[in-house]
>>> print(open('input-v9.cif').read())   # mmCIF, C-alpha atoms
data_final
loop_
_atom_site.label_atom_id
_atom_site.label_comp_id
_atom_site.auth_asym_id
_atom_site.auth_seq_id
_atom_site.Cartn_x
_atom_site.Cartn_y
_atom_site.Cartn_z
CA MET A 1444 -26.08 1.35 -40.20
CA PHE A 1445 -24.51 1.10 -36.77
CA ILE A 1446 -27.13 1.74 -34.10
CA VAL A 1447 -26.53 2.26 -30.38
CA ILE A 1448 -29.56 1.73 -28.15
CA VAL A 1449 -29.49 2.74 -24.48
CA GLY A 1450 -32.28 1.22 -22.41
CA CYS A 1451 -33.07 -2.34 -23.26
CA GLY A 1452 -36.58 -2.77 -21.92
CA ARG A 1453 -39.59 -3.87 -23.97
CA VAL A 1454 -39.18 -1.03 -26.44
CA GLY A 1455 -35.41 -0.94 -26.77
CA SER A 1456 -34.97 -4.71 -27.05
CA SER A 1457 -37.71 -5.02 -29.63
CA VAL A 1458 -36.28 -2.26 -31.82
CA ALA A 1459 -32.82 -3.82 -31.39
CA ARG A 1460 -33.96 -7.24 -32.62
CA THR A 1461 -35.85 -5.81 -35.55
CA MET A 1462 -32.96 -3.64 -36.68
CA LEU A 1463 -30.56 -6.56 -36.36
CA LYS A 1464 -32.87 -8.73 -38.48
CA GLU A 1465 -33.02 -5.98 -41.07
CA GLY A 1466 -29.28 -6.19 -41.43
CA HIS A 1467 -28.04 -3.35 -39.23
CA GLN A 1468 -25.30 -3.52 -36.63
CA VAL A 1469 -26.83 -3.07 -33.17
CA SER A 1470 -25.16 -2.32 -29.85
CA CYS A 1471 -27.28 -2.17 -26.68
CA VAL A 1472 -26.55 -0.63 -23.28
CA ASP A 1473 -28.52 -1.32 -20.10
CA GLU A 1474 -27.68 -0.91 -16.45
CA ASP A 1475 -29.28 -4.26 -15.67
CA PRO A 1476 -27.25 -7.27 -16.87
CA GLU A 1477 -30.50 -9.26 -16.91
CA ALA A 1478 -31.80 -7.06 -19.70
CA HIS A 1479 -29.62 -9.09 -22.04
CA ALA A 1480 -32.15 -11.94 -21.81
CA ARG A 1481 -34.83 -9.75 -23.37
CA LEU A 1482 -32.74 -9.41 -26.51
CA GLU A 1483 -32.77 -13.14 -27.09
CA VAL A 1484 -36.52 -13.60 -26.90
CA SER A 1485 -37.57 -15.46 -30.07
CA LEU A 1486 -33.99 -15.66 -31.34
CA ASP A 1487 -32.70 -19.17 -32.02
CA ARG A 1488 -29.11 -18.16 -31.29
CA SER A 1489 -27.55 -15.96 -28.64
CA TRP A 1490 -27.65 -12.18 -29.15
CA GLU A 1491 -23.91 -12.09 -29.70
CA ASP A 1492 -23.96 -15.03 -32.13
CA SER A 1493 -26.62 -13.17 -34.05
CA GLY A 1494 -24.20 -10.29 -34.38
CA GLY A 1495 -25.43 -8.00 -31.60
CA GLN A 1496 -23.42 -6.25 -28.90
CA PHE A 1497 -24.42 -5.70 -25.27
CA THR A 1498 -22.74 -3.46 -22.67
CA VAL A 1499 -23.72 -3.14 -19.01
CA GLY A 1500 -23.75 0.45 -17.82
CA THR A 1501 -25.78 3.63 -17.62
CA GLY A 1502 -25.95 6.21 -20.35
CA LEU A 1503 -24.33 8.82 -18.12
CA GLU A 1504 -21.16 6.74 -17.92
CA LEU A 1505 -19.06 7.76 -20.86
CA ASP A 1506 -17.03 4.56 -20.51
CA ALA A 1507 -20.14 2.50 -21.18
CA LEU A 1508 -21.09 4.60 -24.21
CA LEU A 1509 -17.56 4.36 -25.58
CA ALA A 1510 -17.46 0.60 -25.01
CA ALA A 1511 -20.74 0.35 -26.88
CA GLY A 1512 -19.08 2.13 -29.80
CA ILE A 1513 -20.91 5.46 -29.73
CA GLU A 1514 -18.07 7.14 -31.61
CA GLN A 1515 -18.90 5.05 -34.67
CA ALA A 1516 -22.67 5.22 -34.30
CA ASP A 1517 -24.82 6.36 -37.20
CA ALA A 1518 -27.90 6.38 -35.01
CA PHE A 1519 -28.53 6.62 -31.28
CA ILE A 1520 -31.76 5.67 -29.52
CA ALA A 1521 -32.44 6.68 -25.90
CA SER A 1522 -35.16 4.35 -24.66
CA THR A 1523 -34.63 3.93 -20.93
CA ASP A 1524 -37.64 4.15 -18.63
CA GLY A 1525 -36.62 7.63 -17.46
CA ASP A 1526 -37.42 10.79 -19.39
CA ASN A 1527 -34.62 12.71 -17.73
CA THR A 1528 -32.05 10.08 -18.56
CA ASN A 1529 -33.20 9.93 -22.16
CA ILE A 1530 -33.09 13.70 -22.57
CA VAL A 1531 -29.62 14.00 -21.06
CA ILE A 1532 -28.00 11.08 -22.88
CA SER A 1533 -29.47 11.98 -26.23
CA GLN A 1534 -27.97 15.45 -25.85
CA ILE A 1535 -24.64 13.82 -24.98
CA ALA A 1536 -24.88 11.68 -28.13
CA GLN A 1537 -25.76 14.71 -30.21
CA ARG A 1538 -23.41 17.35 -28.84
CA ARG A 1539 -20.45 15.37 -27.60
CA PHE A 1540 -20.30 12.51 -30.07
CA ASN A 1541 -22.01 14.17 -33.03
CA VAL A 1542 -24.13 11.13 -33.80
CA PRO A 1543 -26.03 12.04 -36.99
CA THR A 1544 -29.41 10.60 -35.95
CA VAL A 1545 -30.47 10.83 -32.32
CA ILE A 1546 -33.90 9.73 -31.15
CA ALA A 1547 -35.20 10.12 -27.61
CA ARG A 1548 -38.25 8.51 -26.10
CA ILE A 1549 -39.91 11.13 -23.87
CA LEU A 1550 -43.15 10.27 -22.08
CA ASP A 1551 -43.89 13.83 -20.97
CA PRO A 1552 -45.64 15.46 -23.99
CA LEU A 1553 -44.74 19.02 -23.00
CA ARG A 1554 -41.05 18.32 -22.80
CA ALA A 1555 -41.11 16.10 -25.88
CA GLU A 1556 -42.54 19.04 -27.80
CA TRP A 1557 -40.01 21.53 -26.46
CA TYR A 1558 -36.95 19.34 -27.02
CA GLU A 1559 -38.22 18.53 -30.52
CA LYS A 1560 -38.07 22.28 -31.18
CA GLN A 1561 -34.51 22.31 -29.83
CA GLY A 1562 -33.47 19.86 -32.51
CA LEU A 1563 -33.88 16.46 -30.89
CA THR A 1564 -35.98 13.84 -32.60
CA THR A 1565 -38.45 12.79 -29.93
CA ILE A 1566 -40.97 9.98 -29.75
CA CYS A 1567 -43.74 10.58 -27.24
CA PRO A 1568 -45.77 7.42 -26.55
CA THR A 1569 -48.07 9.41 -24.28
CA ARG A 1570 -48.96 11.78 -27.11
CA VAL A 1571 -49.63 8.81 -29.39
CA ALA A 1572 -51.92 7.25 -26.77
CA ILE A 1573 -53.76 10.54 -26.25
CA GLU A 1574 -54.35 10.96 -29.98
CA MET A 1575 -55.54 7.38 -30.39
CA LEU A 1576 -57.93 7.69 -27.46
CA GLU A 1577 -59.28 11.00 -28.70
CA ALA A 1578 -59.75 9.61 -32.20
CA HIS A 1579 -61.62 6.57 -30.90
CA VAL A 1580 -63.86 8.63 -28.62
CA ARG A 1581 -64.62 11.04 -31.48
CA GLY A 1582 -65.41 8.09 -33.70
CA ALA A 1583 -67.80 6.70 -31.11
CA SER A 1584 -69.52 10.05 -30.53
CA ASN A 1585 -70.05 10.49 -34.25
CA GLY A 1586 -72.44 7.56 -33.96
CA GLY A 1587 -70.30 5.13 -35.85
CA GLY A 1588 -69.29 3.11 -32.85
CA ALA A 1589 -66.13 1.11 -33.22
CA ALA A 1590 -66.40 1.09 -37.00
CA ALA A 1591 -65.74 4.81 -37.17
CA ALA A 1592 -62.48 4.53 -35.30
CA PRO A 1593 -59.50 4.89 -37.57
CA GLN A 1594 -57.51 1.77 -38.33
CA SER A 1595 -54.28 3.40 -37.40
CA PRO A 1596 -54.03 6.50 -35.24
CA ALA A 1597 -54.48 9.62 -37.28
CA GLY A 1598 -51.49 11.86 -37.58
CA ASP A 1599 -49.25 9.35 -35.86
CA ASP A 1600 -47.24 8.05 -38.79
CA GLY A 1601 -46.02 11.46 -39.72
CA GLU A 1602 -44.63 12.09 -36.25
CA ARG A 1603 -42.59 8.96 -36.13
CA GLY A 1604 -40.27 10.52 -38.61
CA MET B 942 -27.61 40.30 -3.81
CA ALA B 943 -30.43 42.55 -4.88
CA LYS B 944 -33.34 42.81 -2.48
CA GLY B 945 -36.67 41.29 -3.29
CA MET B 946 -35.81 38.74 -5.96
CA TYR B 947 -38.15 35.91 -6.81
CA ILE B 948 -36.23 32.67 -6.41
CA ILE B 949 -37.38 29.13 -7.14
CA VAL B 950 -35.51 26.45 -5.21
CA VAL B 951 -35.98 22.85 -6.33
CA GLY B 952 -35.40 20.02 -3.87
CA ALA B 953 -36.31 20.37 -0.20
CA GLY B 954 -33.50 18.28 1.22
CA LYS B 955 -31.21 19.72 3.85
CA VAL B 956 -29.59 22.02 1.32
CA GLY B 957 -32.78 23.25 -0.34
CA TRP B 958 -34.74 23.71 2.88
CA GLY B 959 -31.92 25.59 4.57
CA LEU B 960 -31.39 27.72 1.50
CA ALA B 961 -35.09 28.60 1.22
CA ARG B 962 -35.18 29.59 4.88
CA GLU B 963 -32.11 31.83 4.55
CA LEU B 964 -33.40 33.48 1.38
CA LEU B 965 -36.78 34.17 2.99
CA ASP B 966 -34.99 35.71 5.98
CA LYS B 967 -33.11 37.98 3.60
CA GLY B 968 -36.42 39.27 2.29
CA HIS B 969 -36.67 37.39 -0.99
CA GLU B 970 -39.76 35.75 -2.34
CA VAL B 971 -39.15 32.02 -2.50
CA THR B 972 -40.96 28.97 -3.83
CA LEU B 973 -39.47 25.64 -2.83
CA ILE B 974 -40.55 22.63 -4.92
CA GLU B 975 -40.38 19.10 -3.53
CA ASN B 976 -41.46 15.88 -5.21
CA SER B 977 -41.69 13.62 -2.19
CA ARG B 978 -45.11 13.91 -0.59
CA GLU B 979 -43.79 13.00 2.83
CA ARG B 980 -40.95 15.49 2.75
CA PHE B 981 -43.29 18.16 1.41
CA MET B 982 -45.66 17.67 4.39
CA THR B 983 -42.77 18.07 6.83
CA VAL B 984 -41.35 21.18 5.21
CA GLU B 985 -44.77 22.73 4.68
CA GLN B 986 -45.32 22.89 8.43
CA GLU B 987 -42.59 25.50 8.59
CA LEU B 988 -42.58 27.16 5.19
CA GLU B 989 -46.33 26.94 4.51
CA HIS B 990 -47.30 28.48 1.16
CA ASN B 991 -43.65 28.91 0.19
CA VAL B 992 -43.34 25.23 -0.61
CA GLN B 993 -45.14 23.42 -3.44
CA TYR B 994 -45.51 19.71 -4.07
CA GLY B 995 -44.55 18.37 -7.47
CA ASP B 996 -41.88 17.07 -9.83
CA ALA B 997 -40.10 20.15 -11.11
CA SER B 998 -38.74 18.32 -14.10
CA GLU B 999 -42.32 18.59 -15.42
CA LEU B 1000 -42.85 21.92 -17.12
CA TRP B 1001 -46.33 22.55 -15.73
CA VAL B 1002 -44.98 22.31 -12.18
CA LEU B 1003 -42.42 25.01 -12.95
CA GLU B 1004 -45.11 27.09 -14.64
CA ARG B 1005 -47.43 26.75 -11.66
CA ALA B 1006 -44.58 28.06 -9.50
CA GLY B 1007 -44.41 31.11 -11.75
CA ILE B 1008 -41.08 30.39 -13.43
CA SER B 1009 -41.62 33.00 -16.13
CA ARG B 1010 -41.24 35.77 -13.55
CA ALA B 1011 -38.43 34.10 -11.58
CA ASP B 1012 -35.16 35.99 -11.21
CA MET B 1013 -33.30 32.85 -10.25
CA VAL B 1014 -33.71 29.08 -10.25
CA ILE B 1015 -31.61 26.95 -7.93
CA ALA B 1016 -31.75 23.17 -8.50
CA VAL B 1017 -30.38 21.27 -5.53
CA THR B 1018 -32.08 17.89 -5.70
CA GLY B 1019 -30.12 14.71 -5.09
CA ASP B 1020 -30.48 13.79 -8.77
CA ASP B 1021 -27.99 15.27 -11.23
CA GLU B 1022 -30.18 14.68 -14.26
CA ASP B 1023 -33.03 16.57 -12.63
CA ASN B 1024 -30.75 19.46 -11.68
CA MET B 1025 -29.31 19.65 -15.19
CA LEU B 1026 -32.61 19.60 -17.02
CA ILE B 1027 -34.47 21.92 -14.64
CA CYS B 1028 -31.72 24.49 -15.15
CA GLN B 1029 -31.66 23.88 -18.88
CA VAL B 1030 -35.36 24.60 -19.36
CA ALA B 1031 -35.25 27.46 -16.84
CA ARG B 1032 -32.58 29.20 -18.86
CA GLU B 1033 -33.43 28.22 -22.41
CA LYS B 1034 -37.22 27.91 -22.35
CA TYR B 1035 -38.25 30.35 -19.65
CA LEU B 1036 -35.29 32.73 -20.09
CA VAL B 1037 -34.46 32.89 -16.39
CA ASP B 1038 -31.33 35.03 -16.04
CA ARG B 1039 -29.63 33.24 -13.21
CA ILE B 1040 -29.40 29.58 -12.41
CA ILE B 1041 -27.39 27.57 -9.93
CA ALA B 1042 -27.16 23.78 -10.10
CA ARG B 1043 -25.93 21.26 -7.63
CA VAL B 1044 -23.65 18.45 -8.81
CA ASN B 1045 -24.00 15.36 -6.64
CA ASN B 1046 -21.62 13.05 -8.46
CA PRO B 1047 -18.46 14.89 -9.56
CA ARG B 1048 -18.17 12.57 -12.55
CA ASN B 1049 -21.26 14.27 -13.96
CA ARG B 1050 -19.58 17.69 -14.09
CA GLN B 1051 -18.66 17.11 -17.73
CA HIS B 1052 -22.35 16.71 -18.58
CA PHE B 1053 -23.23 20.01 -16.87
CA ASP B 1054 -20.45 21.61 -18.91
CA LEU B 1055 -21.70 20.02 -22.12
CA LEU B 1056 -25.21 21.38 -21.58
CA GLY B 1057 -23.85 24.77 -20.59
CA ILE B 1058 -25.27 24.56 -17.07
CA LYS B 1059 -23.29 26.98 -14.95
CA PRO B 1060 -22.52 27.88 -12.33
CA TYR B 1061 -22.73 24.60 -10.51
CA VAL B 1062 -21.76 23.65 -7.00
CA SER B 1063 -20.29 20.33 -6.01
CA ALA B 1064 -19.77 19.52 -2.33
CA THR B 1065 -17.06 17.04 -3.25
CA ASP B 1066 -15.13 19.71 -5.13
CA LEU B 1067 -15.54 22.23 -2.33
CA ILE B 1068 -14.19 19.79 0.22
CA LEU B 1069 -11.31 18.83 -2.06
CA ARG B 1070 -10.56 22.51 -2.50
CA LEU B 1071 -10.44 22.96 1.27
CA LEU B 1072 -8.29 19.88 1.57
CA GLU B 1073 -5.83 21.28 -0.96
CA HIS B 1074 -5.74 24.50 1.00
CA GLU B 1075 -5.15 22.75 4.31
CA VAL B 1076 -2.70 20.20 2.91
CA PRO B 1077 -1.02 21.95 -0.01
CA GLU B 1078 0.94 18.96 -1.16
CA TYR B 1079 -0.12 19.61 -4.70
CA GLY B 1080 1.95 22.80 -4.62
CA LEU B 1081 -0.74 24.88 -6.22
CA VAL B 1082 -4.01 25.81 -4.57
CA HIS B 1083 -6.99 27.21 -6.44
CA LEU B 1084 -8.44 30.11 -4.51
CA LEU B 1085 -10.92 31.26 -7.12
CA ASP B 1086 -12.08 29.79 -10.42
CA LEU B 1087 -14.43 31.72 -12.68
CA PRO B 1088 -14.27 29.73 -15.92
CA GLU B 1089 -16.93 31.82 -17.61
CA GLU B 1090 -15.03 35.03 -16.93
CA ARG B 1091 -11.74 33.22 -17.71
CA LEU B 1092 -10.28 34.17 -14.37
CA GLU B 1093 -8.34 32.15 -11.85
CA ILE B 1094 -6.49 33.01 -8.68
CA ILE B 1095 -4.03 30.50 -7.31
CA GLU B 1096 -1.69 30.26 -4.35
CA MET B 1097 1.69 28.55 -4.40
CA LEU B 1098 4.28 27.88 -1.76
CA LEU B 1099 7.84 28.68 -2.80
CA ALA B 1100 9.94 25.68 -1.83
CA ALA B 1101 13.58 26.05 -0.71
CA ASP B 1102 14.76 25.05 -4.19
CA SER B 1103 12.37 27.38 -6.04
CA LYS B 1104 14.20 29.28 -8.75
CA ALA B 1105 12.09 32.35 -7.96
CA ALA B 1106 13.41 32.50 -4.38
CA GLY B 1107 15.94 35.28 -4.04
CA GLN B 1108 14.73 37.11 -7.13
CA ARG B 1109 13.43 40.67 -7.28
CA VAL B 1110 9.79 40.80 -8.33
CA GLY B 1111 10.78 43.40 -10.93
CA ASP B 1112 13.14 40.90 -12.51
CA LEU B 1113 10.64 38.07 -12.61
CA ASN B 1114 9.62 37.31 -16.12
CA MET B 1115 6.20 35.89 -15.34
CA PRO B 1116 4.57 33.77 -18.06
CA GLU B 1117 2.28 35.82 -20.26
CA GLY B 1118 -1.28 35.70 -18.98
CA SER B 1119 -0.29 35.64 -15.32
CA LEU B 1120 0.33 38.31 -12.72
CA LEU B 1121 1.71 38.21 -9.20
CA ILE B 1122 -0.79 39.97 -6.95
CA SER B 1123 0.18 39.21 -3.39
CA VAL B 1124 2.83 37.61 -1.19
CA LEU B 1125 2.14 35.94 2.14
CA ARG B 1126 5.14 35.94 4.42
CA GLU B 1127 5.09 34.83 8.05
CA GLY B 1128 1.33 34.86 8.04
CA ARG B 1129 0.95 38.38 6.63
CA GLY B 1130 0.00 39.29 3.13
CA PHE B 1131 1.27 42.30 1.20
CA VAL B 1132 1.19 43.56 -2.35
CA PRO B 1133 4.68 43.19 -3.82
CA VAL B 1134 6.55 46.07 -5.46
CA PRO B 1135 9.30 45.62 -8.06
CA ASP B 1136 11.95 45.75 -5.30
CA THR B 1137 10.34 43.00 -3.23
CA VAL B 1138 12.64 40.01 -3.08
CA LEU B 1139 10.87 36.66 -2.96
CA GLU B 1140 12.00 34.19 -0.31
CA ALA B 1141 11.71 30.46 0.08
CA GLY B 1142 8.69 29.81 2.27
CA ASP B 1143 6.70 32.70 0.78
CA GLU B 1144 3.26 31.92 -0.49
CA VAL B 1145 2.56 33.78 -3.70
CA LEU B 1146 -0.87 34.62 -5.06
CA ALA B 1147 -1.24 35.02 -8.79
CA VAL B 1148 -4.08 35.77 -11.13
CA LEU B 1149 -3.92 33.88 -14.40
CA ASP B 1150 -5.73 32.77 -17.50
CA PRO B 1151 -7.29 29.33 -17.07
CA GLY B 1152 -5.07 26.45 -18.09
CA MET B 1153 -1.79 28.10 -17.07
CA GLU B 1154 -1.32 26.18 -13.84
CA GLU B 1155 1.44 24.00 -15.22
CA ASP B 1156 3.36 27.02 -16.53
CA LEU B 1157 3.19 28.64 -13.12
CA LYS B 1158 4.18 25.43 -11.35
CA ALA B 1159 7.25 25.23 -13.55
CA PHE B 1160 7.96 28.93 -13.12
CA PHE B 1161 7.87 28.89 -9.33
CA GLY B 1162 9.18 25.34 -9.08
CA PRO B 1163 12.74 24.10 -8.54
CA ASP B 1164 15.60 25.14 -10.76
CA GLY B 1165 15.81 23.25 -14.00
CA GLY B 1166 12.33 21.99 -13.30
CA GLU B 1167 11.12 22.47 -16.83
CA ALA B 1168 9.71 18.96 -16.65
CA GLY B 1169 7.34 20.39 -14.07
#
>>> encode(input="input-v9.cif", output="structure tokens")
Amino acid sequence: MFIVIVGCGRVGSSVARTMLKEGHQVSCVDEDPEAHARLEVSLDRSWEDSGGQFTVGTGLELDALLAAGIEQADAFIASTDGDNTNIVISQIAQRRFNVPTVIARILDPLRAEWYEKQGLTTICPTRVAIEMLEAHVRGASNGGGAAAAPQSPAGDDGERG
Amino acid sequence: MAKGMYIIVVGAGKVGWGLARELLDKGHEVTLIENSRERFMTVEQELEHNVQYGDASELWVLERAGISRADMVIAVTGDDEDNMLICQVAREKYLVDRIIARVNNPRNRQHFDLLGIKPYVSATDLILRLLEHEVPEYGLVHLLDLPEERLEIIEMLLAADSKAAGQRVGDLNMPEGSLLISVLREGRGFVPVPDTVLEAGDEVLAVLDPGMEEDLKAFFGPDGGEAG
């Protein structure tokens, strides 16, 4: 698969490396040229030598998206640190470039829920944290202490799609 | 504008603050939303309960402002993404009938179009429009563009070598989808009749379907100017 990832912070760079290791083609976009260094953490070769692509630019610049190869993308991940940016660029990927799989990271649970209903695939880390916290507190109040807390957050796997 | 609308204005910069003040003066109910605490404190001294503090790209902030009963939402922050998304949820989630968005960077217009956010206002475009009007070197000036209604009105100066100069209006074979509506001659406008003879130096006003500018340029341009 050819995957374009916009926003190369901790989340984006980590997903990028993993996908590359699993044999996918990965092209990253970040407005900060320094973000490139994150991609090479724990790699023994450069990101490019490992087969990755990196473009400097913001997701609202069509030139940057085109340079990153969005027209050929099978999947698009919006993982910048801004909800608004992620929501806008994932809609651009979906509506303008018809990328088959578009995933947006949205921290605001209310908007994540609404845009999910509008047909975007959304990942809401805040929602995941809320559910984990609630599950742990429930576990503790049921008298089981830490032992009663679920190993992995309940209901989370299903939402990751 | 109907009296007594409920209007939410987002962004209390110079534009938003001024707009809120004018709308209140006209008798509308207005809530202005501002996400900078400092700016909010300043504006609140004048507008008091008509301004709320918060980030309007968060749904609960819009809900607290009563968006479900709003007649209009105007997003004029300095951030195009905010303006786009506030208008998108206003229209699609809260079913607000009328929205107006501000475009700060003209390169983002295409994204507003893609998301169906209209109408939008761009200061850069407005100034360019004025510039075209004042310095009509482009030959064709847009006086009115209503893309949604598929309506445009343009103005063109007939140059000395225009092939339309010297022709009767009744003999003009205007391109389909366009209509001559007015002629400005020596500073005065009049509605042409079939016997009106166009002269070099006339400014003609035409209504046309969008996308016909090039046809009209060629039509009113110099003889043999098919190349436009």
>>> residues_around(input="input-v9.cif", residues="Val984 of chain B", least_positions_apart="3", cutoff="12 Å", atoms="only C-alpha atoms", output="PDB file with C-alpha atoms, in the frame of the given file")
ATOM      1  CA  GLY B 952     -35.400  20.020  -3.870  1.00  0.00           C
ATOM      2  CA  ALA B 953     -36.310  20.370  -0.200  1.00  0.00           C
ATOM      3  CA  GLY B 954     -33.500  18.280   1.220  1.00  0.00           C
ATOM      4  CA  LYS B 955     -31.210  19.720   3.850  1.00  0.00           C
ATOM      5  CA  GLY B 957     -32.780  23.250  -0.340  1.00  0.00           C
ATOM      6  CA  TRP B 958     -34.740  23.710   2.880  1.00  0.00           C
ATOM      7  CA  GLY B 959     -31.920  25.590   4.570  1.00  0.00           C
ATOM      8  CA  ALA B 961     -35.090  28.600   1.220  1.00  0.00           C
ATOM      9  CA  ARG B 962     -35.180  29.590   4.880  1.00  0.00           C
ATOM     10  CA  THR B 972     -40.960  28.970  -3.830  1.00  0.00           C
ATOM     11  CA  LEU B 973     -39.470  25.640  -2.830  1.00  0.00           C
ATOM     12  CA  ILE B 974     -40.550  22.630  -4.920  1.00  0.00           C
ATOM     13  CA  GLU B 975     -40.380  19.100  -3.530  1.00  0.00           C
ATOM     14  CA  ASN B 976     -41.460  15.880  -5.210  1.00  0.00           C
ATOM     15  CA  SER B 977     -41.690  13.620  -2.190  1.00  0.00           C
ATOM     16  CA  ARG B 978     -45.110  13.910  -0.590  1.00  0.00           C
ATOM     17  CA  GLU B 979     -43.790  13.000   2.830  1.00  0.00           C
ATOM     18  CA  ARG B 980     -40.950  15.490   2.750  1.00  0.00           C
ATOM     19  CA  PHE B 981     -43.290  18.160   1.410  1.00  0.00           C
ATOM     20  CA  GLU B 987     -42.590  25.500   8.590  1.00  0.00           C
ATOM     21  CA  LEU B 988     -42.580  27.160   5.190  1.00  0.00           C
ATOM     22  CA  GLU B 989     -46.330  26.940   4.510  1.00  0.00           C
ATOM     23  CA  HIS B 990     -47.300  28.480   1.160  1.00  0.00           C
ATOM     24  CA  ASN B 991     -43.650  28.910   0.190  1.00  0.00           C
ATOM     25  CA  VAL B 992     -43.340  25.230  -0.610  1.00  0.00           C
ATOM     26  CA  GLN B 993     -45.140  23.420  -3.440  1.00  0.00           C
ATOM     27  CA  TYR B 994     -45.510  19.710  -4.070  1.00  0.00           C
TER      28      TYR B 994
END
>>> residues_around(input="input-v9.cif", residues="Val1062 of chain B", least_positions_apart="3", cutoff="12 Å", atoms="all atoms listed in the file", output="PDB file with C-alpha atoms, in the frame of the given file")
ATOM      1  CA  VAL B 956     -29.590  22.020   1.320  1.00  0.00           C
ATOM      2  CA  ILE B1015     -31.610  26.950  -7.930  1.00  0.00           C
ATOM      3  CA  ALA B1016     -31.750  23.170  -8.500  1.00  0.00           C
ATOM      4  CA  VAL B1017     -30.380  21.270  -5.530  1.00  0.00           C
ATOM      5  CA  THR B1018     -32.080  17.890  -5.700  1.00  0.00           C
ATOM      6  CA  ASP B1021     -27.990  15.270 -11.230  1.00  0.00           C
ATOM      7  CA  ASN B1024     -30.750  19.460 -11.680  1.00  0.00           C
ATOM      8  CA  MET B1025     -29.310  19.650 -15.190  1.00  0.00           C
ATOM      9  CA  ILE B1040     -29.400  29.580 -12.410  1.00  0.00           C
ATOM     10  CA  ILE B1041     -27.390  27.570  -9.930  1.00  0.00           C
ATOM     11  CA  ALA B1042     -27.160  23.780 -10.100  1.00  0.00           C
ATOM     12  CA  ARG B1043     -25.930  21.260  -7.630  1.00  0.00           C
ATOM     13  CA  VAL B1044     -23.650  18.450  -8.810  1.00  0.00           C
ATOM     14  CA  ASN B1045     -24.000  15.360  -6.640  1.00  0.00           C
ATOM     15  CA  ASN B1046     -21.620  13.050  -8.460  1.00  0.00           C
ATOM     16  CA  PRO B1047     -18.460  14.890  -9.560  1.00  0.00           C
ATOM     17  CA  ASN B1049     -21.260  14.270 -13.960  1.00  0.00           C
ATOM     18  CA  ARG B1050     -19.580  17.690 -14.090  1.00  0.00           C
ATOM     19  CA  PHE B1053     -23.230  20.010 -16.870  1.00  0.00           C
ATOM     20  CA  ILE B1058     -25.270  24.560 -17.070  1.00  0.00           C
ATOM     21  CA  LYS B1059     -23.290  26.980 -14.950  1.00  0.00           C
ATOM     22  CA  THR B1065     -17.060  17.040  -3.250  1.00  0.00           C
ATOM     23  CA  ASP B1066     -15.130  19.710  -5.130  1.00  0.00           C
ATOM     24  CA  LEU B1067     -15.540  22.230  -2.330  1.00  0.00           C
ATOM     25  CA  ILE B1068     -14.190  19.790   0.220  1.00  0.00           C
ATOM     26  CA  ASP B1086     -12.080  29.790 -10.420  1.00  0.00           C
TER      27      ASP B1086
END
>>> resolve_selection(input="input-v9.cif", expression="the PyMOL selection byres ((chain B) within 9 of (chain A))", output="short mmCIF file (atom, residue, chain, number, x, y, z; two decimals) with C-alpha atoms, in the coordinates of the input")
data_model
loop_
_atom_site.label_atom_id
_atom_site.label_comp_id
_atom_site.auth_asym_id
_atom_site.auth_seq_id
_atom_site.Cartn_x
_atom_site.Cartn_y
_atom_site.Cartn_z
CA SER B 998 -38.74 18.32 -14.10
CA GLU B 999 -42.32 18.59 -15.42
CA LEU B 1000 -42.85 21.92 -17.12
CA TRP B 1001 -46.33 22.55 -15.73
CA GLU B 1022 -30.18 14.68 -14.26
CA ASP B 1023 -33.03 16.57 -12.63
CA MET B 1025 -29.31 19.65 -15.19
CA LEU B 1026 -32.61 19.60 -17.02
CA LYS B 1034 -37.22 27.91 -22.35
CA ARG B 1048 -18.17 12.57 -12.55
CA ASN B 1049 -21.26 14.27 -13.96
CA HIS B 1052 -22.35 16.71 -18.58
CA LEU B 1055 -21.70 20.02 -22.12
CA LEU B 1056 -25.21 21.38 -21.58
#
>>> atom_distance(input="input-v9.cif", atom1="atom CA of Val1542 of chain A", atom2="atom CA of Leu1482 of chain A")
23.4 Å
>>> residues_around(input="input-v9.cif", residues="segment 1011-1014 of chain B", least_positions_apart="4", cutoff="6 Å", atoms="only C-alpha atoms", output="ChimeraX atom specification")
/B:946-950,1039-1040
>>> resolve_selection(input="input-v9.cif", expression="the PyMOL selection byres ((chain B and resi 1112) around 12)", output="list in words")
Ala1105, Ala1106, Gly1107, Gln1108, Arg1109, Val1110, Gly1111, Leu1113, Asn1114, Met1115, Val1134, Pro1135, Asp1136, Thr1137, Val1138 and Leu1139 of chain B
>>> residues_around(input="input-v9.cif", residues="Thr1544 of chain A", least_positions_apart="6", cutoff="9 Å", atoms="only C-alpha atoms", output="list in words")
Ala1516, Asp1517, Ala1518, Phe1519, Ile1520, Gln1537, Leu1563 and Thr1564 of chain A
>>> resolve_selection(input="input-v9.cif", expression="the PyMOL selection byres ((chain A and resi 1494-1496) around 7)", output="list in words")
Gln1468, Val1469, Ser1470, Cys1471, Trp1490, Glu1491, Asp1492, Ser1493, Phe1497 and Thr1498 of chain A
>>> atom_distance(input="input-v9.cif", atom1="atom CA of Arg1548 of chain A", atom2="atom CA of Thr1523 of chain A")
7.8 Å
>>> axis_aligned_box(input="input-v9.cif", around="segment 1008-1026 of chain B", padding_each_side="4 Å", output="lines of an AutoDock Vina configuration file")
center_x = -34.8
center_y = 24.9
center_z = -11.1
size_x = 21.6
size_y = 30.2
size_z = 19.9
>>> atom_distance(input="input-v9.cif", atom1="atom CA of Met1153 of chain B", atom2="atom CA of Leu1085 of chain B")
13.9 Å
>>> residues_around(input="input-v9.cif", residues="Ala1555 of chain A", least_positions_apart="6", cutoff="8 Å", atoms="all atoms listed in the file", output="list of chain:residue names")
A:Ile1549, A:Thr1565, A:Ile1566, A:Cys1567
